[in-house]
Amino acid sequence: MTFIKSWEDFERAAEKLYLANPMKVRYTMKYRHTDGALILKFTDDAVCLQYKTEIQPDLKKIDRFMTNLMRHMVSSDK
């Protein structure tokens with residue numbers, strides 16, 4: 001599994017993956033204390049997207065993205 005280097009590319013690909021099949025997609029977020037990295041992983045068992053960051057400003061971007069994703073999940077537009 002490879003990591004996507006750009007946050008923008010990861011964000012677009014993860015949202016596209018979710019919108020294609022919302023009932024099958026899941027994500028995990030893991031903090032690795034040993035190297036100070038936050039790792040996000042989106043998968044639908046066929047496609048796996050990963051993003052790794054070690055910088056603080058990316059946390060705000062991740063928070064915004066997760067908020068947007070949660071809005072998609074609770075909206076009635078299925």
# chains A, B, ... in the order shown; residues from 1 in each chain; ligands from 1
$ residues_around --residues "A:Phe42" --least-positions-apart "6" --cutoff "10 Å" --atoms "only C-alpha atoms" --output "ChimeraX atom specification"
/A:10,13-15,17-18,25-29,48-51
$ select_by_dssp --residues "chain A" --states "alpha helix (DSSP H)" --output "JSON, numbers by chain"
{"A": [7, 8, 9, 10, 11, 12, 13, 14, 15, 16, 17, 18, 19, 20, 57, 58, 59, 60, 61, 62, 63, 64, 65, 66, 67, 68, 69, 70, 71, 72, 73, 74]}
$ select_by_dssp --residues "stretch 40-71 of chain A" --states "strand (DSSP E or B)" --output "count of residues only"
10
$ residues_around --residues "stretch 58-72 of chain A" --least-positions-apart "2" --cutoff "9 Å" --atoms "only C-alpha atoms" --output "number ranges by chain"
A: 7, 11, 15, 18-19, 38, 53-56, 74-78
$ decode --residues "chain A" --atoms "C-alpha atoms" --output "compact mmCIF listing (two decimals), in the first residue's frame"
# COMPACT_ATOMS: atom_id res chain seq x y z
CA MET A 1 0.00 0.00 0.00
CA THR A 2 1.39 3.34 -0.99
CA PHE A 3 0.81 6.74 0.53
CA ILE A 4 -0.61 9.68 -1.43
CA LYS A 5 1.84 12.58 -1.10
CA SER A 6 -0.49 15.55 -1.60
CA TRP A 7 -3.35 16.30 0.81
CA GLU A 8 -5.50 17.73 -1.98
CA ASP A 9 -5.12 14.55 -4.06
CA PHE A 10 -5.94 12.37 -1.06
CA GLU A 11 -8.98 14.48 -0.14
CA ARG A 12 -10.42 14.34 -3.67
CA ALA A 13 -9.78 10.61 -4.05
CA ALA A 14 -11.24 9.75 -0.62
CA GLU A 15 -14.39 11.78 -1.22
CA LYS A 16 -14.82 10.22 -4.66
CA LEU A 17 -14.37 6.76 -3.14
CA TYR A 18 -16.97 7.50 -0.47
CA LEU A 19 -19.52 8.94 -2.91
CA ALA A 20 -19.14 5.93 -5.23
CA ASN A 21 -20.22 3.45 -2.53
CA PRO A 22 -20.98 5.00 0.87
CA MET A 23 -22.12 1.74 2.49
CA LYS A 24 -18.85 -0.06 1.79
CA VAL A 25 -16.22 2.60 2.57
CA ARG A 26 -14.56 2.80 5.95
CA TYR A 27 -11.67 4.80 7.33
CA THR A 28 -9.18 4.66 10.14
CA MET A 29 -7.04 7.32 11.71
CA LYS A 30 -3.96 6.26 13.65
CA TYR A 31 -1.32 8.28 15.49
CA ARG A 32 2.13 6.71 15.66
CA HIS A 33 3.89 8.18 18.66
CA THR A 34 7.28 6.70 17.75
CA ASP A 35 7.62 8.85 14.63
CA GLY A 36 4.99 11.51 15.45
CA ALA A 37 2.89 10.73 12.39
CA LEU A 38 -0.85 10.70 11.82
CA ILE A 39 -1.97 8.13 9.25
CA LEU A 40 -5.35 8.14 7.52
CA LYS A 41 -6.59 5.17 5.57
CA PHE A 42 -9.73 4.95 3.40
CA THR A 43 -10.75 1.66 1.84
CA ASP A 44 -13.64 -0.13 0.19
CA ASP A 45 -11.74 -3.45 0.09
CA ALA A 46 -10.91 -2.92 -3.59
CA VAL A 47 -9.15 0.45 -3.37
CA CYS A 48 -6.97 1.56 -0.45
CA LEU A 49 -5.96 5.22 -0.03
CA GLN A 50 -3.43 6.29 2.61
CA TYR A 51 -2.09 9.66 3.73
CA LYS A 52 0.62 10.30 6.30
CA THR A 53 1.49 13.63 7.89
CA GLU A 54 3.84 14.82 10.58
CA ILE A 55 2.99 18.54 10.47
CA GLN A 56 0.52 20.39 12.69
CA PRO A 57 -1.28 22.52 10.01
CA ASP A 58 -2.51 19.35 8.27
CA LEU A 59 -4.59 18.51 11.35
CA LYS A 60 -6.92 21.42 10.61
CA LYS A 61 -7.31 20.25 7.00
CA ILE A 62 -8.06 16.72 8.21
CA ASP A 63 -10.62 18.04 10.70
CA ARG A 64 -12.36 20.07 7.98
CA PHE A 65 -12.41 17.06 5.67
CA MET A 66 -13.82 14.74 8.35
CA THR A 67 -16.53 17.29 9.17
CA ASN A 68 -17.46 17.46 5.48
CA LEU A 69 -17.50 13.66 5.26
CA MET A 70 -19.76 13.42 8.32
CA ARG A 71 -22.17 15.87 6.66
CA HIS A 72 -22.30 13.54 3.64
CA MET A 73 -23.01 10.60 5.95
CA VAL A 74 -25.97 12.20 7.72
CA SER A 75 -27.51 13.97 4.74
CA SER A 76 -30.66 12.58 3.17
CA ASP A 77 -29.18 12.84 -0.35
CA LYS A 78 -28.21 9.22 -0.81
